[in-house]
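Trainee: You'll find my_file31.txt just under this line, and it carries compact mmCIF, C-alpha atoms and all ligand atoms.
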```
# COMPACT_ATOMS: atom_id res chain seq x y z
CA MET T 24 -48.46 32.54 -18.72
CA THR T 25 -50.92 29.88 -17.56
CA VAL T 26 -50.80 26.39 -19.05
CA PHE T 27 -54.23 27.01 -20.56
CA ASP T 28 -53.01 30.18 -22.29
CA TYR T 29 -49.90 28.34 -23.47
CA LEU T 30 -52.12 25.63 -24.99
CA LEU T 31 -54.31 28.19 -26.74
CA GLN T 32 -51.29 30.02 -28.07
CA THR T 33 -49.79 26.75 -29.27
CA ALA T 34 -52.97 25.87 -31.16
CA ARG T 35 -53.02 29.35 -32.71
CA ASP T 36 -49.36 29.36 -33.69
CA ARG T 37 -49.01 25.75 -34.80
CA GLY T 38 -52.47 24.99 -36.14
CA ALA T 39 -53.01 22.44 -33.34
CA GLY T 40 -51.32 21.09 -30.24
CA PHE T 41 -49.75 17.65 -29.81
CA LEU T 42 -50.30 16.07 -26.37
CA VAL T 43 -48.63 12.81 -25.42
CA LEU T 44 -50.40 10.70 -22.79
CA ILE T 45 -48.36 8.57 -20.43
CA ASP T 46 -50.11 5.91 -18.37
CA PRO T 47 -47.93 5.25 -15.29
CA ASP T 48 -49.34 1.73 -14.91
CA GLU T 49 -48.20 0.45 -18.23
CA GLN T 50 -44.39 0.34 -18.21
CA PRO T 51 -41.26 0.59 -16.03
CA ARG T 52 -40.66 4.03 -14.59
CA GLN T 53 -37.44 4.75 -16.47
CA ARG T 54 -39.03 3.87 -19.78
CA LEU T 55 -41.92 6.28 -19.07
CA VAL T 56 -39.50 9.07 -18.22
CA ASP T 57 -37.48 8.41 -21.38
CA CYS T 58 -40.72 8.41 -23.38
CA ALA T 59 -41.62 11.88 -22.03
CA GLN T 60 -38.20 13.21 -22.94
CA GLN T 61 -38.37 11.73 -26.43
CA ALA T 62 -41.84 13.25 -26.81
CA GLN T 63 -40.50 16.71 -25.99
CA GLU T 64 -37.51 16.32 -28.29
CA GLY T 65 -39.79 15.02 -31.05
CA GLY T 66 -42.01 18.10 -30.88
CA ALA T 67 -44.83 17.37 -28.41
CA ASP T 68 -46.36 20.49 -26.85
CA ALA T 69 -47.22 18.96 -23.47
CA VAL T 70 -47.19 15.64 -21.67
CA MET T 71 -50.32 14.32 -20.00
CA ILE T 72 -50.15 11.73 -17.25
CA GLY T 73 -52.96 9.54 -15.94
CA GLY T 74 -55.12 6.54 -16.65
CA SER T 75 -58.19 4.68 -15.53
CA GLY T 76 -56.62 2.52 -12.83
CA VAL T 77 -53.44 4.25 -11.70
CA LEU T 78 -52.40 3.97 -8.06
CA SER T 79 -51.57 7.28 -6.42
CA ALA T 80 -48.09 6.27 -5.22
CA ARG T 81 -47.11 5.20 -8.71
CA MET T 82 -48.53 8.42 -10.17
CA GLU T 83 -46.53 10.54 -7.77
CA GLU T 84 -43.16 8.90 -8.42
CA VAL T 85 -43.55 8.85 -12.20
CA ALA T 86 -44.79 12.46 -12.34
CA HIS T 87 -41.93 13.54 -10.10
CA ASP T 88 -39.32 11.99 -12.38
CA ILE T 89 -40.90 13.21 -15.61
CA LYS T 90 -41.22 16.75 -14.29
CA ARG T 91 -37.48 16.83 -13.73
CA ARG T 92 -36.74 15.76 -17.30
CA ILE T 93 -39.03 17.98 -19.41
CA THR T 94 -39.61 21.70 -19.80
CA ILE T 95 -42.96 21.49 -21.64
CA PRO T 96 -45.99 21.41 -19.31
CA LEU T 97 -46.90 18.23 -17.44
CA ILE T 98 -50.69 17.98 -17.17
CA ILE T 99 -52.52 15.47 -14.99
CA PHE T 100 -55.34 13.68 -16.77
CA PRO T 101 -56.87 11.98 -13.74
CA GLY T 102 -59.00 8.87 -13.73
CA GLY T 103 -60.01 9.90 -10.21
CA ALA T 104 -59.11 12.18 -7.30
CA ASN T 105 -56.50 9.71 -6.05
CA GLN T 106 -54.30 10.51 -9.06
CA LEU T 107 -53.73 14.14 -8.12
CA CYS T 108 -50.21 15.00 -7.08
CA ARG T 109 -48.04 18.08 -6.67
CA PHE T 110 -45.49 17.22 -9.38
CA ALA T 111 -47.33 18.72 -12.34
CA ASP T 112 -48.19 22.11 -13.78
CA ALA T 113 -51.91 21.68 -14.32
CA VAL T 114 -54.81 19.23 -14.21
CA LEU T 115 -57.55 18.67 -16.75
CA PHE T 116 -60.36 19.10 -14.24
CA THR T 117 -62.75 16.83 -16.07
CA SER T 118 -66.38 15.92 -15.61
CA LEU T 119 -67.61 12.86 -17.50
CA LEU T 120 -70.60 14.68 -18.94
CA SER T 121 -71.47 11.93 -21.43
CA GLY T 122 -72.30 9.61 -18.53
CA ARG T 123 -74.88 9.79 -15.80
CA ASN T 124 -72.82 8.44 -12.93
CA PRO T 125 -72.79 11.16 -10.26
CA GLU T 126 -69.44 9.92 -8.94
CA TYR T 127 -67.71 10.94 -12.20
CA LEU T 128 -69.90 13.98 -12.83
CA ILE T 129 -69.18 15.63 -9.46
CA GLY T 130 -68.16 13.12 -6.75
CA GLU T 131 -64.48 12.73 -7.65
CA GLN T 132 -64.30 16.48 -8.32
CA VAL T 133 -65.43 17.28 -4.77
CA LYS T 134 -62.84 14.85 -3.41
CA GLY T 135 -60.12 16.31 -5.62
CA ALA T 136 -60.78 20.05 -5.40
CA PRO T 137 -59.09 20.60 -1.99
CA LEU T 138 -56.02 18.71 -3.27
CA VAL T 139 -55.85 20.84 -6.42
CA LYS T 140 -55.77 23.89 -4.16
CA GLU T 141 -53.26 22.44 -1.72
CA TYR T 142 -50.89 21.37 -4.51
CA GLY T 143 -51.22 24.69 -6.35
CA LEU T 144 -52.23 22.99 -9.59
CA GLU T 145 -53.82 25.01 -12.37
CA ALA T 146 -57.26 23.51 -12.98
CA ILE T 147 -58.52 23.50 -16.57
CA PRO T 148 -62.28 22.77 -16.49
CA THR T 149 -62.86 20.20 -19.22
CA ALA T 150 -65.98 18.41 -20.44
CA TYR T 151 -65.08 14.77 -20.99
CA LEU T 152 -67.31 13.16 -23.62
CA LEU T 153 -66.89 9.47 -24.32
CA ILE T 154 -67.92 8.32 -27.79
CA GLU T 155 -68.61 4.72 -28.73
CA SER T 156 -65.55 3.23 -30.42
CA GLY T 157 -66.21 -0.37 -31.38
CA ALA T 158 -65.43 -2.20 -28.13
CA ARG T 159 -65.87 -1.69 -24.42
CA THR T 160 -63.15 0.69 -23.18
CA SER T 161 -61.58 0.90 -19.74
CA VAL T 162 -63.24 4.30 -19.20
CA GLU T 163 -66.62 2.61 -19.57
CA SER T 164 -65.63 -0.20 -17.23
CA TYR T 165 -64.23 2.05 -14.52
CA SER T 166 -66.91 4.74 -14.73
CA HIS T 167 -69.91 2.46 -15.23
CA THR T 168 -71.22 4.76 -17.94
CA HIS T 169 -72.34 4.34 -21.53
CA PRO T 170 -70.62 6.27 -24.32
CA ILE T 171 -72.49 8.50 -26.77
CA PRO T 172 -73.37 6.30 -29.79
CA ARG T 173 -71.33 6.89 -32.94
CA HIS T 174 -72.96 9.35 -35.33
CA GLU T 175 -75.54 10.53 -32.79
CA THR T 176 -74.21 13.93 -33.62
CA GLU T 177 -77.08 16.05 -32.34
CA PHE T 178 -76.85 14.33 -28.96
CA LEU T 179 -73.10 15.00 -28.85
CA LYS T 180 -73.59 18.64 -29.83
CA ALA T 181 -76.13 19.08 -27.03
CA HIS T 182 -73.54 17.80 -24.54
CA ALA T 183 -70.87 20.15 -25.89
CA LEU T 184 -73.26 23.10 -25.72
CA ALA T 185 -74.17 22.21 -22.14
CA ALA T 186 -70.45 22.18 -21.32
CA GLN T 187 -70.04 25.64 -22.80
CA TYR T 188 -73.03 27.04 -20.92
CA LEU T 189 -71.71 25.48 -17.70
CA GLY T 190 -68.54 27.51 -18.20
CA MET T 191 -66.11 24.75 -19.08
CA LYS T 192 -62.97 25.76 -20.96
CA MET T 193 -62.35 22.74 -23.18
CA VAL T 194 -64.20 19.76 -24.56
CA TYR T 195 -62.46 16.39 -24.83
CA LEU T 196 -63.90 14.04 -27.46
CA GLU T 197 -62.68 10.65 -26.29
CA ALA T 198 -62.88 7.29 -28.05
CA GLY T 199 -61.00 5.63 -25.17
CA SER T 200 -57.45 4.39 -24.91
CA GLY T 201 -56.70 1.74 -27.52
CA ALA T 202 -60.07 2.34 -29.21
CA VAL T 203 -60.88 0.25 -32.30
CA TYR T 204 -62.46 3.28 -34.01
CA THR T 205 -61.41 6.88 -33.44
CA VAL T 206 -63.86 9.77 -32.97
CA PRO T 207 -65.55 10.29 -36.37
CA GLU T 208 -64.45 13.42 -38.18
CA ASP T 209 -68.05 14.47 -38.86
CA MET T 210 -68.72 14.49 -35.11
CA ILE T 211 -65.64 16.65 -34.50
CA ALA T 212 -66.74 19.06 -37.23
CA ALA T 213 -70.26 19.26 -35.79
CA VAL T 214 -68.97 20.09 -32.31
CA LYS T 215 -66.57 22.65 -33.78
CA GLU T 216 -69.50 24.33 -35.51
CA ALA T 217 -71.71 24.22 -32.41
CA VAL T 218 -69.40 25.59 -29.70
CA SER T 219 -66.51 28.00 -29.33
CA LEU T 220 -64.59 25.75 -26.92
CA PRO T 221 -61.25 24.26 -27.99
CA ILE T 222 -61.63 20.58 -28.86
CA ILE T 223 -59.26 17.89 -27.61
CA CYS T 224 -59.52 14.58 -29.46
CA GLY T 225 -58.00 11.24 -28.52
CA GLY T 226 -58.39 7.49 -28.40
CA GLY T 227 -57.11 4.98 -30.95
CA ILE T 228 -55.05 7.47 -32.97
CA ARG T 229 -52.20 5.28 -34.22
CA HIS T 230 -50.90 7.02 -37.32
CA PRO T 231 -49.89 10.61 -38.08
CA GLU T 232 -52.40 10.75 -40.97
CA MET T 233 -55.23 9.90 -38.58
CA ALA T 234 -54.13 12.74 -36.33
CA ALA T 235 -53.97 15.13 -39.28
CA ARG T 236 -57.54 14.25 -40.27
CA LYS T 237 -58.80 15.08 -36.77
CA VAL T 238 -57.08 18.47 -36.95
CA THR T 239 -58.55 19.18 -40.38
CA ALA T 240 -62.00 18.29 -39.00
CA GLY T 241 -61.60 20.87 -36.22
CA ALA T 242 -59.69 19.40 -33.29
CA GLN T 243 -57.24 21.86 -31.72
CA PHE T 244 -55.45 19.25 -29.62
CA ILE T 245 -54.61 15.64 -30.38
CA VAL T 246 -53.84 13.13 -27.62
CA VAL T 247 -51.82 10.01 -28.44
CA GLY T 248 -50.90 7.44 -25.82
CA ASN T 249 -50.92 3.75 -26.67
CA ARG T 250 -49.00 4.07 -29.92
CA PHE T 251 -45.91 5.22 -28.05
CA GLU T 252 -45.96 2.28 -25.68
CA GLU T 253 -44.80 0.10 -28.59
CA ASN T 254 -42.45 2.64 -30.11
CA SER T 255 -41.20 5.76 -28.36
CA HIS T 256 -38.46 6.77 -30.75
CA ARG T 257 -38.06 10.48 -31.25
CA SER T 258 -38.64 10.07 -35.00
CA LEU T 259 -42.18 8.74 -34.43
CA PHE T 260 -43.04 11.68 -32.18
CA ALA T 261 -41.65 13.98 -34.87
CA GLU T 262 -43.88 12.39 -37.52
CA PHE T 263 -46.94 12.99 -35.37
CA ALA T 264 -45.81 16.52 -34.55
CA ASP T 265 -45.41 17.33 -38.25
CA ALA T 266 -48.87 15.96 -39.04
CA ILE T 267 -50.54 17.84 -36.18
CA HIS T 268 -48.68 21.14 -36.48
CA GLN T 269 -50.33 22.18 -39.67
CA ARG T 270 -48.94 25.66 -39.35
CA SER T 271 -45.44 24.62 -38.34
CA SER T 272 -43.67 27.08 -40.65
CA GLN T 273 -44.58 29.90 -38.25
CA LEU T 274 -42.91 28.23 -35.33
CA VAL T 275 -40.29 29.40 -32.98
CA ASP T 276 -38.44 27.26 -30.47
CA LYS T 277 -41.27 26.17 -28.18
CA THR T 278 -39.12 25.89 -25.10
CA ASN T 279 -39.28 29.70 -25.10
CA ASP T 280 -43.09 29.56 -24.88
CA ARG T 281 -43.14 27.66 -21.64
CA PRO T 282 -45.33 29.12 -18.92
C1 LIG T 301 -57.01 8.04 -23.95
O1 LIG T 301 -57.36 9.70 -25.60
C2 LIG T 301 -56.39 9.02 -24.90
O2 LIG T 301 -57.58 8.69 -22.88
C3 LIG T 301 -55.34 8.40 -25.76
O3 LIG T 301 -55.78 7.21 -26.39
O4 LIG T 301 -53.97 5.60 -25.79
O5 LIG T 301 -55.53 5.13 -27.70
O6 LIG T 301 -53.80 6.91 -27.89
P1 LIG T 301 -54.70 6.16 -26.97
```
Would you write out, as structure tokens, the structure that this file holds?
Ligand code: 1GP
Mentor:
Amino acid sequence: MTVFDYLLQTARDRGAGFLVLIDPDEQPRQRLVDCAQQAQEGGADAVMIGGSGVLSARMEEVAHDIKRRITIPLIIFPGGANQLCRFADAVLFTSLLSGRNPEYLIGEQVKGAPLVKEYGLEAIPTAYLLIESGARTSVESYSHTHPIPRHETEFLKAHALAAQYLGMKMVYLEAGSGAVYTVPEDMIAAVKEAVSLPIICGGGIRHPEMAARKVTAGAQFIVVGNRFEENSHRSLFAEFADAIHQRSSQLVDKTNDRP
């Protein structure tokens, strides 16, 4: 089974998928590896690794160590082509469609594509849509792009539709790491109504109830990163997993679902 199919099946079986984002720049390597293991034991469905400013050597060593400790998929969420490495199962092959900077629309993708092939990574074509979230985020700073204004729902829907017609497989509604405001639920619901693509939502989600609201609005996958840098106890992952897995009664041991 591909990672993409595993994700779709997870969303179907559990109501939604819980993705934990690890930024290799933020903490000591051992703590990041422990965090990934706690995430798996707490009920996360996959671990994502990446960030806006990660150095490739750091990415490689952290991914290598995490991959050895978890059985759920490890998915690269690259800030640029230099973050690709062979120690992962898949890569969210994103294009920052909300911006108009050609480097992040297609430039980094052209640099990265040969590496994706060489490393044998599964590429999951994903439209990355940044939504204004109350303060300047590192994605804005690094990409030199403007986010889609909050509540400009028709504009957001047009971007999501364009992604679908371009053949992308997922749409990521991003408020940005550590966002003051999360993606509004009415914008999630509007995108859900407009396109048939699975919706990933992340940025600023700090409490299980916030995550649950995004799922109720229509998000199939919830990404949480920052919150676990302060507290990576298994019990906190489990609280998020319970809130996100709104169909958890139908579950079987997910380690059997691994691709
Ligand atoms: C950022 O959506 C992710 O790319 C996660 O955001 O770190 O704020 O949870 P947080």
Trainee: When you look at Ser258 of chain T with a cut-off of 12 Å (counting all atoms listed in the file), what residues show up, excluding the ones that are within fewer than 2 positions of it in the same chain? I need them as an mmCIF file with C-alpha atoms, in the coordinates of the input.
Mentor:
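Produced file result_21.cif, reproduced below:
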```cif
data_model
loop_
_atom_site.group_PDB
_atom_site.id
_atom_site.type_symbol
_atom_site.label_atom_id
_atom_site.label_comp_id
_atom_site.auth_asym_id
_atom_site.auth_seq_id
_atom_site.Cartn_x
_atom_site.Cartn_y
_atom_site.Cartn_z
ATOM 1 C CA CYS T 58 -40.720 8.410 -23.380
ATOM 2 C CA GLN T 61 -38.370 11.730 -26.430
ATOM 3 C CA ALA T 62 -41.840 13.250 -26.810
ATOM 4 C CA GLN T 63 -40.500 16.710 -25.990
ATOM 5 C CA GLU T 64 -37.510 16.320 -28.290
ATOM 6 C CA GLY T 65 -39.790 15.020 -31.050
ATOM 7 C CA GLY T 66 -42.010 18.100 -30.880
ATOM 8 C CA ALA T 67 -44.830 17.370 -28.410
ATOM 9 C CA PRO T 231 -49.890 10.610 -38.080
ATOM 10 C CA PHE T 251 -45.910 5.220 -28.050
ATOM 11 C CA ASN T 254 -42.450 2.640 -30.110
ATOM 12 C CA SER T 255 -41.200 5.760 -28.360
ATOM 13 C CA HIS T 256 -38.460 6.770 -30.750
ATOM 14 C CA PHE T 260 -43.040 11.680 -32.180
ATOM 15 C CA ALA T 261 -41.650 13.980 -34.870
ATOM 16 C CA GLU T 262 -43.880 12.390 -37.520
ATOM 17 C CA PHE T 263 -46.940 12.990 -35.370
ATOM 18 C CA ALA T 264 -45.810 16.520 -34.550
ATOM 19 C CA ASP T 265 -45.410 17.330 -38.250
#
```
Trainee: Taking only residues of chain T that have an atom at most 9 Å from an atom of ligand LIG 301 (chain T), what is each one's shortest atom pair and its distance in Å to one decimal, using all atoms listed in the file, in chain and number order, as a Markdown table?
Mentor:
```
| residue | atom | partner | partner_atom | distance |
| --- | --- | --- | --- | --- |
| T:Val43 | CA | T:LIG301 | C3 | 8.0 |
| T:Leu44 | CA | T:LIG301 | C3 | 6.2 |
| T:Ile45 | CA | T:LIG301 | O4 | 8.3 |
| T:Asp46 | CA | T:LIG301 | O4 | 8.4 |
| T:Gly73 | CA | T:LIG301 | O2 | 8.4 |
| T:Gly74 | CA | T:LIG301 | O2 | 7.0 |
| T:Ser75 | CA | T:LIG301 | O2 | 8.4 |
| T:Phe100 | CA | T:LIG301 | O2 | 8.2 |
| T:Val162 | CA | T:LIG301 | O2 | 8.1 |
| T:Tyr195 | CA | T:LIG301 | O1 | 8.4 |
| T:Leu196 | CA | T:LIG301 | O1 | 8.1 |
| T:Glu197 | CA | T:LIG301 | O1 | 5.4 |
| T:Ala198 | CA | T:LIG301 | O1 | 6.5 |
| T:Gly199 | CA | T:LIG301 | C1 | 4.8 |
| T:Ser200 | CA | T:LIG301 | O5 | 3.5 |
| T:Gly201 | CA | T:LIG301 | O5 | 3.6 |
| T:Ala202 | CA | T:LIG301 | O5 | 5.5 |
| T:Val203 | CA | T:LIG301 | O5 | 8.6 |
| T:Thr205 | CA | T:LIG301 | O5 | 8.4 |
| T:Ile223 | CA | T:LIG301 | O1 | 8.6 |
| T:Cys224 | CA | T:LIG301 | O1 | 6.6 |
| T:Gly225 | CA | T:LIG301 | O1 | 3.4 |
| T:Gly226 | CA | T:LIG301 | O3 | 3.3 |
| T:Gly227 | CA | T:LIG301 | O5 | 3.6 |
| T:Ile228 | CA | T:LIG301 | O6 | 5.3 |
| T:Arg229 | CA | T:LIG301 | O6 | 6.7 |
| T:Ile245 | CA | T:LIG301 | O1 | 8.1 |
| T:Val246 | CA | T:LIG301 | C3 | 5.3 |
| T:Val247 | CA | T:LIG301 | O6 | 3.7 |
| T:Gly248 | CA | T:LIG301 | O4 | 3.6 |
| T:Asn249 | CA | T:LIG301 | O4 | 3.7 |
| T:Arg250 | CA | T:LIG301 | O6 | 5.9 |
| T:Phe251 | CA | T:LIG301 | O6 | 8.1 |
| T:Glu252 | CA | T:LIG301 | O4 | 8.7 |
```
Trainee: Tell me, in Å to one decimal, how far atom CA of Ala217 of chain T is from atom CA of Ala186 of chain T.
Mentor: 11.3 Å
Trainee: Could you pull the residues within 7 Å of Val70 of chain T, counting all atoms listed in the file, minus those fewer than 2 positions along the same chain, as a list in words?
Mentor: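 My list of contacting residues is Leu42, Val43, Leu44, Ala59, Ile72, Pro96, Leu97 and Ile98 of chain T.
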Trainee: To one decimal place, how far is atom CA of Arg236 of chain T from atom CA of Gln50 of chain T in Å?
Mentor: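 For atom CA of Arg236 of chain T relative to atom CA of Gln50 of chain T, the distance reads 29.2 Å.
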Trainee: For Glu126 of chain T, work out the shell of residues within 12 Å, counting all atoms listed in the file and skipping chain neighbours fewer than 2 positions away, then give it as a ChimeraX atom specification.
Mentor: /T:102-104,117-120,122-124,128-135,165-168
Trainee: Taking only C-alpha atoms into account, which of T:Ala86, T:Cys108, T:Ala213, T:Ala39 comes nearest Val139 of chain T?
Mentor: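 Among the listed residues, T:Cys108 lies closest to Val139 of chain T.
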Trainee: Distance atom CA of Lys237 of chain T-atom CA of Glu208 of chain T, one decimal place?
Mentor: 6.1 Å
Trainee: How big is the axis-aligned box around the listed atoms of segment 82-94 of chain T once 3 Å is added on each side, and where is its centre? Give both in Å to one decimal, as lines of an AutoDock Vina configuration file.
Mentor:
```
center_x = -42.6
center_y = 15.1
center_z = -13.8
size_x = 17.8
size_y = 19.3
size_z = 18.0
```
Trainee: Just checking: using only C-alpha atoms, which residue out of T:Ala240, T:Ala181, T:Val114, T:Ala34 ends up closest to Met210 of chain T?
Mentor: T:Ala240
Trainee: Go through T:Leu184, T:Leu179, T:Leu220, T:Ala266 one by one, measure the shortest atom-to-atom distance of each to Pro148 of chain T using only C-alpha atoms, and give the residue with the smallest value.
Mentor: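 Once distances to Pro148 of chain T are computed over only C-alpha atoms, the minimum belongs to T:Leu220.
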Trainee: Under the rule that only C-alpha atoms are counted, which of T:Glu232, T:Glu49, T:Asp112, T:Glu175 is the nearest residue to Ala69 of chain T?
Mentor: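 Going through T:Glu232, T:Glu49, T:Asp112, T:Glu175 one by one, the smallest distance to Ala69 of chain T is for T:Asp112.
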Trainee: Pick out the closest residue to Pro170 of chain T from this set: T:Ala158, T:Ala136, T:Val194, T:Leu30. Count all atoms listed in the file.
Mentor: T:Ala158
